[in-house]
>>> print(open('my_file-v2.cif').read())   # mmCIF, C-alpha atoms
data_upload
#
loop_
_atom_site.label_atom_id
_atom_site.label_comp_id
_atom_site.auth_asym_id
_atom_site.auth_seq_id
_atom_site.Cartn_x
_atom_site.Cartn_y
_atom_site.Cartn_z
CA MET S 1 -24.72 -5.99 0.05
CA LYS S 2 -24.57 -5.95 -3.75
CA ARG S 3 -20.76 -5.92 -3.66
CA LEU S 4 -20.65 -8.69 -1.06
CA LEU S 5 -22.95 -10.88 -3.18
CA ALA S 6 -20.69 -10.30 -6.18
CA VAL S 7 -17.65 -11.38 -4.16
CA LEU S 8 -19.45 -14.49 -2.91
CA ALA S 9 -20.51 -15.32 -6.45
CA ILE S 10 -16.86 -15.22 -7.52
CA VAL S 11 -15.91 -17.50 -4.64
CA ALA S 12 -18.64 -19.96 -5.63
CA LEU S 13 -17.43 -19.89 -9.23
CA PHE S 14 -13.87 -20.73 -8.19
CA GLY S 15 -15.19 -23.58 -6.08
CA CYS S 16 -16.72 -25.15 -9.21
CA GLN S 17 -13.49 -25.13 -11.20
CA GLU S 18 -12.44 -28.58 -12.37
CA THR S 19 -8.89 -27.71 -13.35
CA PRO S 20 -6.36 -25.46 -11.59
CA GLN S 21 -6.10 -21.95 -12.97
CA GLN S 22 -3.25 -19.47 -13.00
CA ALA S 23 -3.77 -15.91 -11.89
CA LYS S 24 -3.59 -13.63 -14.92
CA TYR S 25 -4.34 -10.34 -13.17
CA VAL S 26 -2.82 -9.80 -9.72
CA PHE S 27 -3.44 -6.92 -7.32
CA TYR S 28 -1.04 -6.78 -4.35
CA PHE S 29 -2.13 -4.14 -1.83
CA ILE S 30 0.15 -3.33 1.10
CA GLY S 31 -1.29 -1.22 3.91
CA ASP S 32 1.89 0.13 5.44
CA GLY S 33 1.59 -0.01 9.23
CA MET S 34 -1.86 -1.65 9.07
CA GLY S 35 -2.35 -4.20 11.83
CA LEU S 36 -5.58 -5.77 13.02
CA ALA S 37 -6.15 -2.84 15.38
CA GLN S 38 -6.11 -0.33 12.50
CA VAL S 39 -8.58 -2.50 10.58
CA ALA S 40 -10.85 -2.98 13.60
CA ALA S 41 -10.76 0.72 14.48
CA THR S 42 -11.87 1.59 10.95
CA GLU S 43 -14.68 -0.94 11.01
CA ALA S 44 -15.83 0.26 14.45
CA TYR S 45 -15.70 3.87 13.24
CA ARG S 46 -17.90 2.97 10.25
CA ALA S 47 -20.42 1.27 12.52
CA ASP S 48 -20.45 4.22 14.92
CA LYS S 49 -21.21 6.58 12.03
CA GLU S 50 -24.33 4.47 11.40
CA GLY S 51 -25.32 4.68 15.05
CA GLU S 52 -24.38 1.05 15.67
CA ILE S 53 -22.16 -0.75 18.15
CA GLY S 54 -19.96 -3.27 16.40
CA LEU S 55 -17.84 -3.57 13.28
CA GLN S 56 -19.00 -2.62 9.79
CA ALA S 57 -16.83 -4.75 7.55
CA LEU S 58 -14.44 -3.36 4.98
CA ASN S 59 -14.54 -4.99 1.55
CA PHE S 60 -11.25 -6.82 1.97
CA THR S 61 -12.12 -8.19 5.42
CA GLN S 62 -14.97 -10.03 3.67
CA PHE S 63 -12.56 -11.88 1.39
CA PRO S 64 -12.91 -15.67 1.78
CA VAL S 65 -9.26 -16.24 2.71
CA LEU S 66 -7.65 -14.94 5.89
CA GLY S 67 -4.07 -15.51 6.98
CA THR S 68 -1.38 -13.92 9.10
CA ILE S 69 2.28 -13.16 8.46
CA THR S 70 5.19 -12.70 10.81
CA THR S 71 7.13 -9.51 10.14
CA TYR S 72 10.51 -9.75 11.91
CA SER S 73 13.61 -8.72 9.96
CA ALA S 74 16.99 -10.45 9.77
CA SER S 75 18.31 -8.13 12.45
CA ASN S 76 15.41 -7.63 14.88
CA ILE S 77 11.97 -8.85 15.94
CA ILE S 78 10.73 -5.34 15.07
CA THR S 79 11.20 -4.60 11.39
CA CYS S 80 11.65 -1.35 9.57
CA SER S 81 9.73 -0.71 6.36
CA SER S 82 12.68 -1.37 4.06
CA ALA S 83 13.41 -4.79 5.54
CA ALA S 84 9.70 -5.66 5.49
CA GLY S 85 9.33 -4.34 1.95
CA THR S 86 12.33 -6.40 0.86
CA ALA S 87 10.77 -9.54 2.31
CA LEU S 88 7.41 -8.84 0.64
CA ALA S 89 9.06 -8.06 -2.70
CA THR S 90 11.88 -10.62 -2.89
CA GLY S 91 11.06 -13.43 -0.47
CA THR S 92 14.28 -12.84 1.48
CA LYS S 93 14.83 -11.20 4.85
CA THR S 94 17.38 -8.46 5.32
CA ASN S 95 18.59 -6.14 8.06
CA ASN S 96 16.68 -3.07 9.13
CA GLY S 97 17.68 -0.11 6.99
CA MET S 98 18.65 -2.17 3.94
CA LEU S 99 16.59 -2.28 0.75
CA GLY S 100 16.52 -5.04 -1.86
CA ILE S 101 19.79 -6.58 -0.70
CA THR S 102 20.83 -9.39 1.63
CA PRO S 103 22.45 -8.65 5.01
CA ASP S 104 25.83 -9.10 3.33
CA SER S 105 24.87 -6.60 0.62
CA ALA S 106 24.20 -8.96 -2.30
CA ALA S 107 21.52 -7.64 -4.66
CA LEU S 108 18.14 -9.37 -4.58
CA LYS S 109 15.67 -9.72 -7.45
CA ALA S 110 12.12 -8.58 -6.76
CA ILE S 111 9.25 -10.64 -8.15
CA THR S 112 8.28 -7.68 -10.31
CA TYR S 113 11.28 -8.44 -12.54
CA LYS S 114 10.40 -12.13 -12.75
CA ILE S 115 6.80 -11.30 -13.60
CA LYS S 116 7.89 -8.80 -16.25
CA GLU S 117 10.25 -11.36 -17.77
CA ALA S 118 7.35 -13.81 -17.97
CA GLY S 119 5.57 -11.40 -20.29
CA TYR S 120 3.17 -9.63 -17.95
CA LYS S 121 2.80 -5.88 -17.65
CA VAL S 122 3.95 -4.53 -14.27
CA GLY S 123 2.88 -1.57 -12.18
CA VAL S 124 4.17 -0.12 -8.89
CA SER S 125 2.35 2.61 -7.00
CA SER S 126 2.14 4.27 -3.61
CA THR S 127 0.30 7.06 -1.82
CA VAL S 128 3.69 8.26 -0.56
CA THR S 129 6.78 8.94 -2.65
CA LEU S 130 7.93 6.30 -5.13
CA ASP S 131 11.45 6.28 -3.67
CA HIS S 132 10.15 5.29 -0.24
CA ALA S 133 10.91 1.89 1.28
CA THR S 134 7.94 -0.22 0.19
CA PRO S 135 7.65 0.82 -3.45
CA GLY S 136 11.43 1.02 -3.70
CA ALA S 137 11.76 -2.61 -2.61
CA PHE S 138 9.92 -3.67 -5.76
CA TYR S 139 12.45 -2.14 -8.14
CA ALA S 140 15.65 -1.04 -6.38
CA ASN S 141 18.70 -2.23 -4.45
CA ALA S 142 20.36 0.03 -1.88
CA VAL S 143 22.57 -0.44 1.16
CA SER S 144 20.59 2.32 2.88
CA ARG S 145 16.88 3.00 2.47
CA ASN S 146 17.71 6.67 3.03
CA ASP S 147 19.72 6.88 -0.20
CA TYR S 148 16.62 8.15 -1.96
CA TYR S 149 18.36 9.43 -5.08
CA THR S 150 20.11 6.11 -5.75
CA ILE S 151 16.79 4.33 -5.29
CA ALA S 152 14.92 6.72 -7.57
CA THR S 153 17.47 6.54 -10.39
CA GLN S 154 16.84 2.79 -10.66
CA LEU S 155 13.16 3.34 -11.48
CA PRO S 156 13.66 4.29 -15.15
CA GLU S 157 16.02 1.33 -15.62
CA THR S 158 13.30 -1.22 -14.78
CA GLY S 159 11.26 -0.98 -17.96
CA PHE S 160 8.14 -1.56 -15.87
CA ASP S 161 5.01 -0.25 -17.53
CA PHE S 162 3.31 1.88 -14.87
CA PHE S 163 4.39 3.87 -11.83
CA GLY S 164 1.99 6.10 -9.95
CA GLY S 165 1.50 8.12 -6.78
CA GLY S 166 3.86 10.45 -4.97
CA GLY S 167 7.05 11.83 -6.45
CA PHE S 168 10.60 11.82 -5.12
CA LEU S 169 12.19 13.07 -1.91
CA GLN S 170 15.57 13.96 -3.46
CA PRO S 171 14.93 14.35 -7.20
CA GLU S 172 18.34 15.99 -7.71
CA GLY S 173 20.25 14.22 -4.94
CA SER S 174 20.82 15.18 -1.32
CA GLU S 175 23.04 18.09 -2.38
CA LYS S 176 20.77 19.05 -5.30
CA ASP S 177 23.68 18.67 -7.71
CA GLN S 178 22.68 15.51 -9.58
CA THR S 179 20.78 14.99 -12.84
CA SER S 180 17.08 15.29 -12.13
CA VAL S 181 15.27 11.98 -11.71
CA ILE S 182 12.46 13.47 -13.80
CA LYS S 183 14.87 13.97 -16.68
CA LEU S 184 16.24 10.42 -16.31
CA ILE S 185 12.71 9.02 -16.41
CA GLU S 186 11.86 10.93 -19.58
CA GLU S 187 15.15 9.93 -21.23
CA ALA S 188 14.29 6.29 -20.53
CA GLY S 189 11.18 6.62 -22.69
CA TYR S 190 8.60 7.18 -19.98
CA THR S 191 5.79 9.67 -20.36
CA ILE S 192 5.13 11.64 -17.18
CA ALA S 193 1.47 12.48 -16.59
CA TYR S 194 0.79 15.22 -14.07
CA GLY S 195 -2.67 14.54 -12.69
CA MET S 196 -5.64 12.57 -13.95
CA ASP S 197 -6.56 14.98 -16.76
CA ASP S 198 -3.02 14.71 -18.10
CA PHE S 199 -3.21 10.93 -17.82
CA ASP S 200 -6.36 10.83 -19.92
CA THR S 201 -4.52 12.48 -22.80
CA MET S 202 -1.39 10.34 -22.44
CA LYS S 203 -2.72 6.88 -21.59
CA ASP S 204 -1.76 5.53 -25.01
CA SER S 205 1.92 5.97 -24.14
CA ASN S 206 4.27 3.00 -24.02
CA LYS S 207 5.33 3.49 -20.40
CA ILE S 208 4.00 6.03 -17.94
CA VAL S 209 4.67 7.63 -14.55
CA LEU S 210 1.60 9.24 -13.00
CA LEU S 211 2.25 12.04 -10.51
CA GLN S 212 0.01 14.71 -9.04
CA ASP S 213 -0.98 17.79 -10.99
CA LYS S 214 1.90 20.25 -11.35
CA GLY S 215 -0.15 22.87 -9.54
CA ARG S 216 0.07 20.71 -6.42
CA ASP S 217 2.95 19.09 -4.53
CA TYR S 218 3.68 16.65 -7.35
CA LEU S 219 7.07 15.64 -5.90
CA GLY S 220 5.64 14.89 -2.47
CA SER S 221 3.24 12.27 -1.17
CA LEU S 222 -0.47 12.38 -1.83
CA PRO S 223 -2.38 14.42 0.77
CA TYR S 224 -3.92 12.60 3.71
CA ALA S 225 -7.59 11.84 3.12
CA ILE S 226 -8.47 14.17 6.00
CA ASP S 227 -6.51 17.01 4.31
CA ARG S 228 -7.67 16.32 0.76
CA GLN S 229 -8.80 19.22 -1.41
CA GLU S 230 -11.02 19.01 -4.47
CA GLY S 231 -9.01 17.73 -7.42
CA ASP S 232 -6.32 16.01 -5.35
CA MET S 233 -5.36 12.60 -6.70
CA THR S 234 -6.56 9.65 -4.58
CA HIS S 235 -5.46 6.06 -4.15
CA SER S 236 -8.57 5.00 -6.06
CA ASP S 237 -7.59 7.29 -8.93
CA ILE S 238 -4.20 5.60 -9.13
CA ILE S 239 -5.73 2.11 -9.23
CA ARG S 240 -8.24 3.12 -11.92
CA ALA S 241 -5.45 4.59 -14.03
CA ALA S 242 -3.23 1.56 -13.50
CA VAL S 243 -5.97 -0.87 -14.48
CA GLU S 244 -6.79 1.12 -17.61
CA PHE S 245 -3.13 1.34 -18.59
CA LEU S 246 -2.05 -2.20 -17.72
CA ASP S 247 -5.07 -4.21 -18.86
CA ASN S 248 -4.10 -6.52 -21.73
CA GLU S 249 -4.61 -10.08 -22.93
CA LYS S 250 -1.40 -11.41 -21.39
CA GLY S 251 -2.15 -10.07 -17.93
CA PHE S 252 -0.63 -7.74 -15.36
CA PHE S 253 0.71 -7.41 -11.83
CA LEU S 254 0.13 -4.29 -9.73
CA MET S 255 1.65 -3.60 -6.31
CA SER S 256 0.04 -0.64 -4.58
CA GLU S 257 1.05 0.69 -1.18
CA SER S 258 -1.18 2.67 1.14
CA GLY S 259 1.75 4.39 2.81
CA LEU S 260 -0.07 7.10 4.73
CA ILE S 261 -1.59 4.65 7.20
CA ASP S 262 1.93 4.20 8.53
CA TRP S 263 2.67 7.92 8.64
CA ALA S 264 -0.54 8.63 10.55
CA CYS S 265 0.25 5.91 13.08
CA HIS S 266 3.81 7.18 13.54
CA SER S 267 2.12 10.42 14.61
CA ASN S 268 -0.39 8.54 16.79
CA ASP S 269 -3.15 10.17 14.76
CA GLY S 270 -6.16 7.88 15.08
CA LYS S 271 -8.58 9.68 12.79
CA ALA S 272 -6.03 10.11 9.99
CA SER S 273 -5.17 6.40 10.26
CA ILE S 274 -8.85 5.41 10.08
CA LEU S 275 -9.52 7.59 7.04
CA GLU S 276 -6.42 6.24 5.27
CA THR S 277 -7.60 2.68 5.88
CA LEU S 278 -10.98 3.67 4.43
CA ASP S 279 -9.07 5.09 1.47
CA LEU S 280 -7.44 1.68 0.98
CA HIS S 281 -10.89 0.08 1.15
CA GLN S 282 -12.02 2.37 -1.67
CA ALA S 283 -8.95 1.56 -3.77
CA VAL S 284 -9.54 -2.17 -3.28
CA GLU S 285 -13.10 -1.63 -4.51
CA VAL S 286 -11.66 -0.74 -7.93
CA ALA S 287 -9.82 -4.08 -7.99
CA ILE S 288 -13.00 -5.90 -6.95
CA ASP S 289 -14.89 -4.25 -9.81
CA PHE S 290 -12.21 -5.59 -12.16
CA ALA S 291 -12.40 -9.06 -10.58
CA VAL S 292 -16.15 -9.20 -11.14
CA LYS S 293 -15.46 -8.80 -14.87
CA HIS S 294 -12.59 -11.33 -14.84
CA PRO S 295 -13.60 -13.82 -12.13
CA LYS S 296 -11.60 -16.79 -13.40
CA GLU S 297 -8.38 -14.85 -13.86
CA THR S 298 -7.99 -12.35 -11.01
CA LEU S 299 -6.22 -12.60 -7.64
CA ILE S 300 -6.41 -9.83 -5.03
CA ILE S 301 -4.18 -9.81 -1.94
CA VAL S 302 -4.37 -7.21 0.83
CA THR S 303 -1.76 -7.29 3.59
CA ALA S 304 0.64 -5.11 5.57
CA ASP S 305 4.36 -4.84 6.11
CA HIS S 306 4.10 -4.37 9.89
CA GLU S 307 1.96 -2.66 12.53
CA THR S 308 2.76 0.89 13.55
CA GLY S 309 2.04 2.67 16.80
CA GLY S 310 0.85 -0.19 18.98
CA MET S 311 -2.70 1.01 18.38
CA SER S 312 -5.49 -0.20 20.64
CA LEU S 313 -9.26 0.12 20.79
CA GLY S 314 -9.46 1.19 24.40
CA TRP S 315 -7.23 3.25 26.67
CA GLU S 316 -6.54 3.06 30.41
CA SER S 317 -9.11 1.34 32.65
CA GLN S 318 -12.39 2.13 30.94
CA TYR S 319 -14.50 -0.23 28.82
CA VAL S 320 -15.67 2.43 26.36
CA MET S 321 -14.92 4.01 23.00
CA HIS S 322 -16.14 7.45 21.93
CA PHE S 323 -15.61 7.76 18.17
CA ASP S 324 -17.75 10.90 18.08
CA GLN S 325 -14.82 12.73 19.70
CA LEU S 326 -12.93 12.38 16.41
CA ASP S 327 -15.41 14.72 14.71
CA GLU S 328 -13.57 17.65 16.26
CA GLN S 329 -10.43 16.93 14.20
CA THR S 330 -10.39 18.50 10.73
CA ALA S 331 -6.72 18.15 9.72
CA SER S 332 -3.96 15.59 10.11
CA LYS S 333 -1.48 16.02 12.92
CA ASP S 334 1.31 16.11 10.35
CA LYS S 335 -0.28 18.96 8.41
CA LEU S 336 -0.81 20.96 11.60
CA ARG S 337 2.84 20.51 12.48
CA GLN S 338 3.95 21.52 9.00
CA SER S 339 1.89 24.69 9.29
CA ARG S 340 3.47 25.27 12.72
CA ASP S 341 0.10 25.06 14.44
CA TYR S 342 1.64 23.11 17.30
CA LYS S 343 -1.14 23.93 19.77
CA THR S 344 -3.82 22.34 17.58
CA ALA S 345 -1.50 19.45 16.74
CA GLU S 346 -1.16 18.74 20.46
CA MET S 347 -4.96 18.70 20.70
CA VAL S 348 -4.97 15.61 18.44
CA ARG S 349 -3.38 13.73 21.34
CA ASP S 350 -6.22 14.77 23.61
CA ILE S 351 -8.83 13.87 20.97
CA ASN S 352 -7.37 10.36 20.74
CA ARG S 353 -7.55 9.99 24.51
CA ARG S 354 -11.14 11.21 24.67
CA ALA S 355 -12.01 8.75 21.89
CA ARG S 356 -10.18 6.10 23.97
CA ILE S 357 -7.77 5.21 21.17
CA GLY S 358 -4.56 4.00 22.77
CA TRP S 359 -0.96 4.01 21.53
CA THR S 360 2.17 2.39 22.92
CA THR S 361 4.88 3.73 20.59
CA LEU S 362 5.69 6.21 17.85
CA ALA S 363 7.50 3.43 15.97
CA HIS S 364 6.66 -0.08 14.75
CA THR S 365 5.68 -3.16 16.73
CA GLY S 366 6.65 -6.79 16.18
CA ILE S 367 3.20 -8.40 16.04
CA PRO S 368 2.01 -10.45 13.06
CA VAL S 369 -0.27 -8.72 10.57
CA PRO S 370 -3.26 -9.96 8.52
CA VAL S 371 -3.44 -11.20 4.95
CA TYR S 372 -6.74 -11.13 3.06
CA ALA S 373 -7.13 -12.79 -0.34
CA MET S 374 -9.79 -13.57 -2.93
CA GLY S 375 -9.74 -15.02 -6.43
CA VAL S 376 -7.64 -17.49 -8.36
CA ASN S 377 -5.40 -19.57 -6.07
CA SER S 378 -6.27 -17.39 -3.08
CA HIS S 379 -6.21 -20.54 -0.92
CA LEU S 380 -2.41 -20.30 -1.01
CA PHE S 381 -2.58 -17.37 1.41
CA MET S 382 -4.53 -19.12 4.14
CA GLY S 383 -3.12 -19.68 7.62
CA ARG S 384 0.12 -18.71 9.34
CA MET S 385 2.97 -17.56 7.10
CA ASP S 386 6.10 -15.47 7.14
CA ASN S 387 6.29 -12.29 5.09
CA THR S 388 8.87 -13.95 2.83
CA ASP S 389 6.22 -16.51 1.82
CA ILE S 390 3.93 -13.98 0.15
CA PRO S 391 5.99 -13.23 -3.01
CA LYS S 392 6.73 -16.93 -3.42
CA LYS S 393 3.04 -17.74 -3.26
CA ILE S 394 2.23 -14.97 -5.74
CA CYS S 395 4.62 -16.51 -8.24
CA GLU S 396 3.08 -19.92 -7.57
CA ALA S 397 -0.40 -18.50 -8.11
CA MET S 398 0.73 -17.06 -11.45
CA GLY S 399 2.59 -20.16 -12.56
CA ILE S 400 5.93 -18.34 -12.53
CA SER S 401 9.13 -19.95 -11.31
CA PHE S 402 10.37 -18.19 -8.18
#
>>> encode(input="my_file-v2.cif", output="structure tokens")
Amino acid sequence: MKRLLAVLAIVALFGCQETPQQAKYVFYFIGDGMGLAQVAATEAYRADKEGEIGLQALNFTQFPVLGTITTYSASNIITCSSAAGTALATGTKTNNGMLGITPDSAALKAITYKIKEAGYKVGVSSTVTLDHATPGAFYANAVSRNDYYTIATQLPETGFDFFGGGGFLQPEGSEKDQTSVIKLIEEAGYTIAYGMDDFDTMKDSNKIVLLQDKGRDYLGSLPYAIDRQEGDMTHSDIIRAAVEFLDNEKGFFLMSESGLIDWACHSNDGKASILETLDLHQAVEVAIDFAVKHPKETLIIVTADHETGGMSLGWESQYVMHFDQLDEQTASKDKLRQSRDYKTAEMVRDINRRARIGWTTLAHTGIPVPVYAMGVNSHLFMGRMDNTDIPKKICEAMGISF
């Protein structure tokens, strides 16, 4: 309630403004694969944990502005993440499989570059690897989203101030015969912080890349929330570090992807998806805390690139949900597969069915996805839009020419 009142107070304050303001601090959260079903499932799960029937709202679903975006790519009604990421980063549609380029392979310029050129600090982060489609769309151009090394080598060339999250899928190229991306990043003047303790000692650096502690899988994605061990870096940790590092008088822009929602839904893993959406909720809370301190200058946007899995609250011909059945699951389906515990991994399918969580596909769907916004110029994100509209409206909100 306290947090909700703070948000409402900010809304009231914006309503009293006599002159238009420009957003000085912008948070752009992208829940990869997060459709309305994933949001509703998480809210229903929260209510069930309190012994209630209904939906216990997430912080971002209480934002005063709600919109929707269409997600189709230039080549199909169902987008892939690279085409969707390109649209959300550049304002231009491309074909599935392409990243940061037009269908005829012309390079596109992400808004991160325009914002950096306007004098703002810029950050890009993800809970999966930084060379993956969504984060990559905000700094790289590649004919194929699977050319991870080419994508990663463009990171140190950006001059952006902060990168954080997972590492790199092919740090030395697909044949492991290329110069290490880590070396290229350091040669470009970036400090690499391995874990939060390392970050605390290096946060006065000029430019920084925050990865997991070296004692963990620092080149991989962050662990799923359901698999998290004590000391593992979280999405909230990344946002706290980014805010501390980027905060300055001129302002900043931070794009942060919650990529593991998508991965969980590709595996039709309902509980992992719910806990990852809760993890996004907790990361957004850090941005809200910042907005409370800077109410006349902050804009927060939470959206998705597409829906994954065709998730539904309800399965077959029964009008019931049984979220308590999810209590039996203690690890993600992906982790169980990686550990070759295929029998337990198969049980996740049965747990979903007993909980009455339905799935229609292991891939993406073509339905529109939600946009939630609060703060300066948040009204721009109201109503029906296309995904290419979002970066254009961000620039408009910041007073930057698109």
>>> resolve_selection(input="my_file-v2.cif", expression="the PyMOL selection byres ((chain S and resi 53-60) around 8)", output="VMD selection string")
chain S and resid 4 40 43 to 48 51 to 52 61 to 63 278 281 284 to 285 302 372 to 373
>>> resolve_selection(input="my_file-v2.cif", expression="the PyMOL selection byres ((chain S and resi 393-397) around 8)", output="mmCIF file with C-alpha atoms, in the coordinates of the input")
data_model
loop_
_atom_site.group_PDB
_atom_site.id
_atom_site.type_symbol
_atom_site.label_atom_id
_atom_site.label_comp_id
_atom_site.auth_asym_id
_atom_site.auth_seq_id
_atom_site.Cartn_x
_atom_site.Cartn_y
_atom_site.Cartn_z
ATOM 1 C CA GLN S 22 -3.250 -19.470 -13.000
ATOM 2 C CA ALA S 23 -3.770 -15.910 -11.890
ATOM 3 C CA ILE S 111 9.250 -10.640 -8.150
ATOM 4 C CA ILE S 115 6.800 -11.300 -13.600
ATOM 5 C CA VAL S 376 -7.640 -17.490 -8.360
ATOM 6 C CA ASN S 377 -5.400 -19.570 -6.070
ATOM 7 C CA SER S 378 -6.270 -17.390 -3.080
ATOM 8 C CA LEU S 380 -2.410 -20.300 -1.010
ATOM 9 C CA PHE S 381 -2.580 -17.370 1.410
ATOM 10 C CA ASP S 389 6.220 -16.510 1.820
ATOM 11 C CA ILE S 390 3.930 -13.980 0.150
ATOM 12 C CA PRO S 391 5.990 -13.230 -3.010
ATOM 13 C CA LYS S 392 6.730 -16.930 -3.420
ATOM 14 C CA MET S 398 0.730 -17.060 -11.450
ATOM 15 C CA GLY S 399 2.590 -20.160 -12.560
ATOM 16 C CA ILE S 400 5.930 -18.340 -12.530
ATOM 17 C CA SER S 401 9.130 -19.950 -11.310
ATOM 18 C CA PHE S 402 10.370 -18.190 -8.180
#
>>> resolve_selection(input="my_file-v2.cif", expression="the PyMOL selection byres ((chain S and resi 180-196) around 9)", output="ChimeraX atom specification")
/S:149,152-153,155-157,159,161,168,170-173,176-179,197-203,205-215,218,231-233,237-238,241
>>> residues_around(input="my_file-v2.cif", residues="range 255-261 of chain S", least_positions_apart="3", cutoff="8 Å", atoms="all atoms listed in the file", output="ChimeraX atom specification")
/S:27-34,123-128,134-135,224,235,239,264-265,272-274,276-277,280
>>> residues_around(input="my_file-v2.cif", residues="range 330-339 of chain S", least_positions_apart="4", cutoff="10 Å", atoms="only C-alpha atoms", output="PyMOL selection string")
chain S and resi 223-228+263-264+266-273+326+343-349
>>> residues_around(input="my_file-v2.cif", residues="Thr102 in chain S", least_positions_apart="5", cutoff="8 Å", atoms="all atoms listed in the file", output="list in words")
Thr92, Lys93, Thr94, Asn95, Ala107 and Leu108 of chain S
>>> atom_distance(input="my_file-v2.cif", atom1="CA of Glu297 in chain S", atom2="CA of Met374 in chain S")
11.1 Å
>>> atom_distance(input="my_file-v2.cif", atom1="CA of Ile288 in chain S", atom2="CA of Thr158 in chain S")
27.8 Å
>>> atom_distance(input="my_file-v2.cif", atom1="CA of Asp305 in chain S", atom2="CA of Ala291 in chain S")
24.0 Å
>>> closest_residue(input="my_file-v2.cif", among="S:Thr129, S:Thr303, S:Gln329, S:Thr70", to="Asp386 in chain S", atoms="all atoms listed in the file")
S:Thr70
>>> closest_residue(input="my_file-v2.cif", among="S:Ala89, S:Ile77, S:Met321, S:Leu299", to="Thr365 in chain S", atoms="all atoms listed in the file")
S:Ile77
>>> closest_residue(input="my_file-v2.cif", among="S:Gly35, S:Gly67, S:Gly375, S:Gly358", to="Thr298 in chain S", atoms="all atoms listed in the file")
S:Gly375
>>> closest_residue(input="my_file-v2.cif", among="S:Ile151, S:Met311, S:Ala37, S:Val26", to="Thr361 in chain S", atoms="only C-alpha atoms")
S:Met311
>>> closest_residue(input="my_file-v2.cif", among="S:Asn141, S:Tyr120, S:Asp341, S:His132", to="Thr90 in chain S", atoms="only C-alpha atoms")
S:Asn141
>>> closest_residue(input="my_file-v2.cif", among="S:Tyr148, S:Trp315, S:Phe290, S:Phe163", to="Ala242 in chain S", atoms="only C-alpha atoms")
S:Phe163
>>> axis_aligned_box(input="my_file-v2.cif", around="range 38-44 of chain S", padding_each_side="3 Å", output="AutoDock Vina command-line options")
--center_x -11.0 --center_y -0.7 --center_z 12.5 --size_x 15.7 --size_y 10.6 --size_z 9.9
>>> residues_around(input="my_file-v2.cif", residues="Asn76 in chain S", least_positions_apart="2", cutoff="12 Å", atoms="all atoms listed in the file", output="number ranges by chain")
S: 71-74, 78-80, 83-84, 93-97, 364-366
>>> build_atoms(input="my_file-v2.cif", residues="range 376-388 of chain S", atoms="N, CA and C atoms", output="JSON list (two decimals), in the coordinates of the input")
[["chain", "number", "residue", "atom", "x", "y", "z"],
["S", 376, "VAL", "N", -8.36, -16.30, -7.89],
["S", 376, "VAL", "CA", -7.64, -17.49, -8.36],
["S", 376, "VAL", "C", -6.47, -17.83, -7.43],
["S", 377, "ASN", "N", -6.47, -19.06, -6.93],
["S", 377, "ASN", "CA", -5.40, -19.57, -6.07],
["S", 377, "ASN", "C", -5.26, -18.80, -4.76],
["S", 378, "SER", "N", -6.33, -18.13, -4.34],
["S", 378, "SER", "CA", -6.27, -17.39, -3.08],
["S", 378, "SER", "C", -6.07, -18.30, -1.87],
["S", 379, "HIS", "N", -6.39, -19.59, -2.03],
["S", 379, "HIS", "CA", -6.21, -20.54, -0.92],
["S", 379, "HIS", "C", -4.74, -20.63, -0.48],
["S", 380, "LEU", "N", -3.84, -20.25, -1.35],
["S", 380, "LEU", "CA", -2.41, -20.30, -1.01],
["S", 380, "LEU", "C", -2.05, -19.38, 0.15],
["S", 381, "PHE", "N", -2.90, -18.39, 0.41],
["S", 381, "PHE", "CA", -2.58, -17.37, 1.41],
["S", 381, "PHE", "C", -3.32, -17.58, 2.73],
["S", 382, "MET", "N", -3.80, -18.78, 2.93],
["S", 382, "MET", "CA", -4.53, -19.12, 4.14],
["S", 382, "MET", "C", -3.59, -19.58, 5.24],
["S", 383, "GLY", "N", -3.86, -19.18, 6.47],
["S", 383, "GLY", "CA", -3.12, -19.68, 7.62],
["S", 383, "GLY", "C", -1.92, -18.83, 8.00],
["S", 384, "ARG", "N", -1.05, -19.41, 8.81],
["S", 384, "ARG", "CA", 0.12, -18.71, 9.34],
["S", 384, "ARG", "C", 1.27, -18.79, 8.34],
["S", 385, "MET", "N", 1.86, -17.64, 8.04],
["S", 385, "MET", "CA", 2.97, -17.56, 7.10],
["S", 385, "MET", "C", 4.00, -16.56, 7.60],
["S", 386, "ASP", "N", 5.12, -16.53, 6.94],
["S", 386, "ASP", "CA", 6.10, -15.47, 7.14],
["S", 386, "ASP", "C", 5.96, -14.50, 5.97],
["S", 387, "ASN", "N", 6.42, -13.27, 6.18],
["S", 387, "ASN", "CA", 6.29, -12.29, 5.09],
["S", 387, "ASN", "C", 7.06, -12.71, 3.83],
["S", 388, "THR", "N", 8.11, -13.50, 4.00],
["S", 388, "THR", "CA", 8.87, -13.95, 2.83],
["S", 388, "THR", "C", 8.09, -14.96, 1.98]]
